[in-house]
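Asker: If you scroll down you'll find the structure; I have some questions about it.
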Amino acid sequence: MLVLVDSSCWVEALRPNGDAAVRSTVDTWLAEGSIAVCAPVFAEVLRGVRKPDVRRVRRTLESLHYLETHEADWRQVIRLSRALADVAQHVPLVDLVVAVVATGTEPSWPTATATSRRSPRSCRFA
């Protein structure tokens with residue numbers, strides 16, 4: 001099973017004083033080859049990483065399973081965004097894209113599980 005690790009969890013795993021349990025879980029999944037990445041997560045992680053770590057983190061992210069964002073995903077993001085707005089819920093677009101990619105709207109995609117919902121210092125893993 002592939003796990004789509006959200007950028008908030010990457011931040012905890014990469015931060016020198018980040019949550020040890022998050023780091024351990026991410027390290028285990030990396031060793032197992034179980035982590036997938038999508039463009040929004042890739043971009044958010046690289047934007048937030050310290051400059052001296054960019055090359056190393058980029059290599060790590062580039063080595064992961066890559067989940068494409070397809071036209072059908074964008075259509076689903078649009079539907080979800082509108083439905084949420086209709087009930088006064090405003091979710092950041094990037095979060096909706098990641099959620100749609102994680103649920104796999106294309107039947108040929110590997111299974112992906114989102115692992116977000118971060119508390120101030122940790123992530124819950126689904």
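Here, A, B, ... name the chains of the structure tokens in the order displayed, residue numbers run from 1 inside each chain, and ligands are numbered from 1 in the same displayed order.
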Please provide the set of residues having any atom within 12 Å of segment 24-27 of chain A, restricted to only C-alpha atoms, with same-chain residues fewer than 3 positions apart removed, written as a PyMOL selection string.
Answerer: chain A and resi 3-14+18-21+30-36+60+115+122-126
Asker: Figure out the distance between atom CA of Val91 of chain A and atom CA of Asn17 of chain A, please, to one decimal in Å.
Answerer: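 Computing the Euclidean distance for atom CA of Asn17 of chain A and atom CA of Val91 of chain A yields 28.4 Å.
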Asker: So which residues of segment 1-113 of chain A fall under strand (DSSP E or B) by DSSP, listed as a PyMOL selection string?
Answerer: chain A and resi 3-4+35-38+65-67
Asker: Counting only C-alpha atoms, figure out which residue out of A:Tyr66, A:Gly48, A:Val94, A:Val100 gets nearest to Arg79 of chain A.
Answerer: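 Checking each of A:Tyr66, A:Gly48, A:Val94, A:Val100 against Arg79 of chain A, counting only C-alpha atoms, the winner is A:Val100.
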Asker: Calculate how many Å separate atom CA of His65 of chain A from atom CA of Leu46 of chain A, rounding to one decimal.
Answerer: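 Taking atom CA of His65 of chain A and atom CA of Leu46 of chain A, their separation equals 16.6 Å.
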Asker: List every residue of segment 67-108 of chain A that DSSP, applied to the backbone of this structure, assigns to alpha helix (DSSP H), and report them as a list of chain:residue names.
Answerer: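 Alpha helix (DSSP H) assignments inside segment 67-108 of chain A correspond to A:Glu71, A:Ala72, A:Asp73, A:Trp74, A:Arg75, A:Gln76, A:Val77, A:Ile78, A:Arg79, A:Leu80, A:Ser81, A:Arg82, A:Ala83, A:Leu84, A:Ala85, A:Asp86, A:Leu93, A:Val94, A:Asp95, A:Leu96, A:Val97, A:Val98, A:Ala99, A:Val100, A:Val101, A:Ala102, A:Thr103.
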Asker: Could you write out the selected residues, including N, CA and C atoms, as a PDB file, in the first residue's frame?
Answerer:
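After the write, part.pdb holds the following:
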```pdb
ATOM      1  N   GLU A  71      -7.137  15.409 -15.223  1.00  0.00           N
ATOM      2  CA  GLU A  71      -8.298  16.278 -15.465  1.00  0.00           C
ATOM      3  C   GLU A  71      -9.475  15.891 -14.576  1.00  0.00           C
ATOM      4  N   ALA A  72      -9.700  14.598 -14.422  1.00  0.00           N
ATOM      5  CA  ALA A  72     -10.802  14.135 -13.571  1.00  0.00           C
ATOM      6  C   ALA A  72     -10.613  14.601 -12.122  1.00  0.00           C
ATOM      7  N   ASP A  73      -9.375  14.660 -11.678  1.00  0.00           N
ATOM      8  CA  ASP A  73      -9.102  15.144 -10.315  1.00  0.00           C
ATOM      9  C   ASP A  73      -9.501  16.610 -10.177  1.00  0.00           C
ATOM     10  N   TRP A  74      -9.130  17.416 -11.167  1.00  0.00           N
ATOM     11  CA  TRP A  74      -9.467  18.834 -11.123  1.00  0.00           C
ATOM     12  C   TRP A  74     -10.979  19.038 -11.160  1.00  0.00           C
ATOM     13  N   ARG A  75     -11.680  18.215 -11.927  1.00  0.00           N
ATOM     14  CA  ARG A  75     -13.144  18.313 -11.939  1.00  0.00           C
ATOM     15  C   ARG A  75     -13.715  18.007 -10.556  1.00  0.00           C
ATOM     16  N   GLN A  76     -13.147  16.996  -9.902  1.00  0.00           N
ATOM     17  CA  GLN A  76     -13.593  16.647  -8.553  1.00  0.00           C
ATOM     18  C   GLN A  76     -13.251  17.761  -7.557  1.00  0.00           C
ATOM     19  N   VAL A  77     -12.087  18.361  -7.680  1.00  0.00           N
ATOM     20  CA  VAL A  77     -11.707  19.488  -6.814  1.00  0.00           C
ATOM     21  C   VAL A  77     -12.703  20.628  -6.980  1.00  0.00           C
ATOM     22  N   ILE A  78     -13.071  20.931  -8.202  1.00  0.00           N
ATOM     23  CA  ILE A  78     -14.042  21.999  -8.467  1.00  0.00           C
ATOM     24  C   ILE A  78     -15.380  21.680  -7.812  1.00  0.00           C
ATOM     25  N   ARG A  79     -15.851  20.433  -7.977  1.00  0.00           N
ATOM     26  CA  ARG A  79     -17.126  20.033  -7.356  1.00  0.00           C
ATOM     27  C   ARG A  79     -17.059  20.152  -5.830  1.00  0.00           C
ATOM     28  N   LEU A  80     -15.987  19.635  -5.249  1.00  0.00           N
ATOM     29  CA  LEU A  80     -15.850  19.688  -3.793  1.00  0.00           C
ATOM     30  C   LEU A  80     -15.748  21.120  -3.280  1.00  0.00           C
ATOM     31  N   SER A  81     -14.949  21.916  -3.963  1.00  0.00           N
ATOM     32  CA  SER A  81     -14.761  23.303  -3.559  1.00  0.00           C
ATOM     33  C   SER A  81     -16.091  24.056  -3.556  1.00  0.00           C
ATOM     34  N   ARG A  82     -16.883  23.862  -4.606  1.00  0.00           N
ATOM     35  CA  ARG A  82     -18.184  24.533  -4.706  1.00  0.00           C
ATOM     36  C   ARG A  82     -19.142  24.017  -3.640  1.00  0.00           C
ATOM     37  N   ALA A  83     -19.172  22.696  -3.449  1.00  0.00           N
ATOM     38  CA  ALA A  83     -20.070  22.120  -2.448  1.00  0.00           C
ATOM     39  C   ALA A  83     -19.713  22.624  -1.048  1.00  0.00           C
ATOM     40  N   LEU A  84     -18.436  22.717  -0.748  1.00  0.00           N
ATOM     41  CA  LEU A  84     -18.015  23.221   0.553  1.00  0.00           C
ATOM     42  C   LEU A  84     -18.346  24.703   0.707  1.00  0.00           C
ATOM     43  N   ALA A  85     -18.127  25.480  -0.342  1.00  0.00           N
ATOM     44  CA  ALA A  85     -18.454  26.911  -0.287  1.00  0.00           C
ATOM     45  C   ALA A  85     -19.947  27.120  -0.058  1.00  0.00           C
ATOM     46  N   ASP A  86     -20.756  26.233  -0.633  1.00  0.00           N
ATOM     47  CA  ASP A  86     -22.201  26.345  -0.464  1.00  0.00           C
ATOM     48  C   ASP A  86     -22.642  26.181   0.982  1.00  0.00           C
ATOM     49  N   LEU A  93      -7.381  25.301  -1.565  1.00  0.00           N
ATOM     50  CA  LEU A  93      -7.392  24.530  -2.806  1.00  0.00           C
ATOM     51  C   LEU A  93      -6.332  23.436  -2.813  1.00  0.00           C
ATOM     52  N   VAL A  94      -5.139  23.741  -2.330  1.00  0.00           N
ATOM     53  CA  VAL A  94      -4.070  22.736  -2.306  1.00  0.00           C
ATOM     54  C   VAL A  94      -4.496  21.531  -1.479  1.00  0.00           C
ATOM     55  N   ASP A  95      -5.154  21.768  -0.348  1.00  0.00           N
ATOM     56  CA  ASP A  95      -5.610  20.652   0.486  1.00  0.00           C
ATOM     57  C   ASP A  95      -6.648  19.801  -0.237  1.00  0.00           C
ATOM     58  N   LEU A  96      -7.517  20.434  -1.001  1.00  0.00           N
ATOM     59  CA  LEU A  96      -8.507  19.667  -1.775  1.00  0.00           C
ATOM     60  C   LEU A  96      -7.835  18.834  -2.854  1.00  0.00           C
ATOM     61  N   VAL A  97      -6.843  19.391  -3.527  1.00  0.00           N
ATOM     62  CA  VAL A  97      -6.121  18.635  -4.561  1.00  0.00           C
ATOM     63  C   VAL A  97      -5.456  17.416  -3.941  1.00  0.00           C
ATOM     64  N   VAL A  98      -4.768  17.611  -2.831  1.00  0.00           N
ATOM     65  CA  VAL A  98      -4.095  16.487  -2.163  1.00  0.00           C
ATOM     66  C   VAL A  98      -5.113  15.430  -1.740  1.00  0.00           C
ATOM     67  N   ALA A  99      -6.235  15.854  -1.190  1.00  0.00           N
ATOM     68  CA  ALA A  99      -7.261  14.902  -0.763  1.00  0.00           C
ATOM     69  C   ALA A  99      -7.802  14.102  -1.938  1.00  0.00           C
ATOM     70  N   VAL A 100      -8.055  14.765  -3.059  1.00  0.00           N
ATOM     71  CA  VAL A 100      -8.576  14.071  -4.238  1.00  0.00           C
ATOM     72  C   VAL A 100      -7.536  13.094  -4.787  1.00  0.00           C
ATOM     73  N   VAL A 101      -6.288  13.521  -4.867  1.00  0.00           N
ATOM     74  CA  VAL A 101      -5.231  12.620  -5.346  1.00  0.00           C
ATOM     75  C   VAL A 101      -5.093  11.426  -4.402  1.00  0.00           C
ATOM     76  N   ALA A 102      -5.182  11.679  -3.099  1.00  0.00           N
ATOM     77  CA  ALA A 102      -5.037  10.604  -2.115  1.00  0.00           C
ATOM     78  C   ALA A 102      -6.135   9.560  -2.224  1.00  0.00           C
ATOM     79  N   THR A 103      -7.328   9.989  -2.608  1.00  0.00           N
ATOM     80  CA  THR A 103      -8.427   9.028  -2.702  1.00  0.00           C
ATOM     81  C   THR A 103      -8.429   8.287  -4.024  1.00  0.00           C
TER      82      THR A 103
END
```
Asker: Let me make sure I understand: among A:Ala88, A:Val22, A:Gly104, A:Arg58, which one has the smallest atom-to-atom distance to Val41 of chain A if we use only C-alpha atoms?
Answerer: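 For Val41 of chain A, the nearest of the candidates is A:Arg58.
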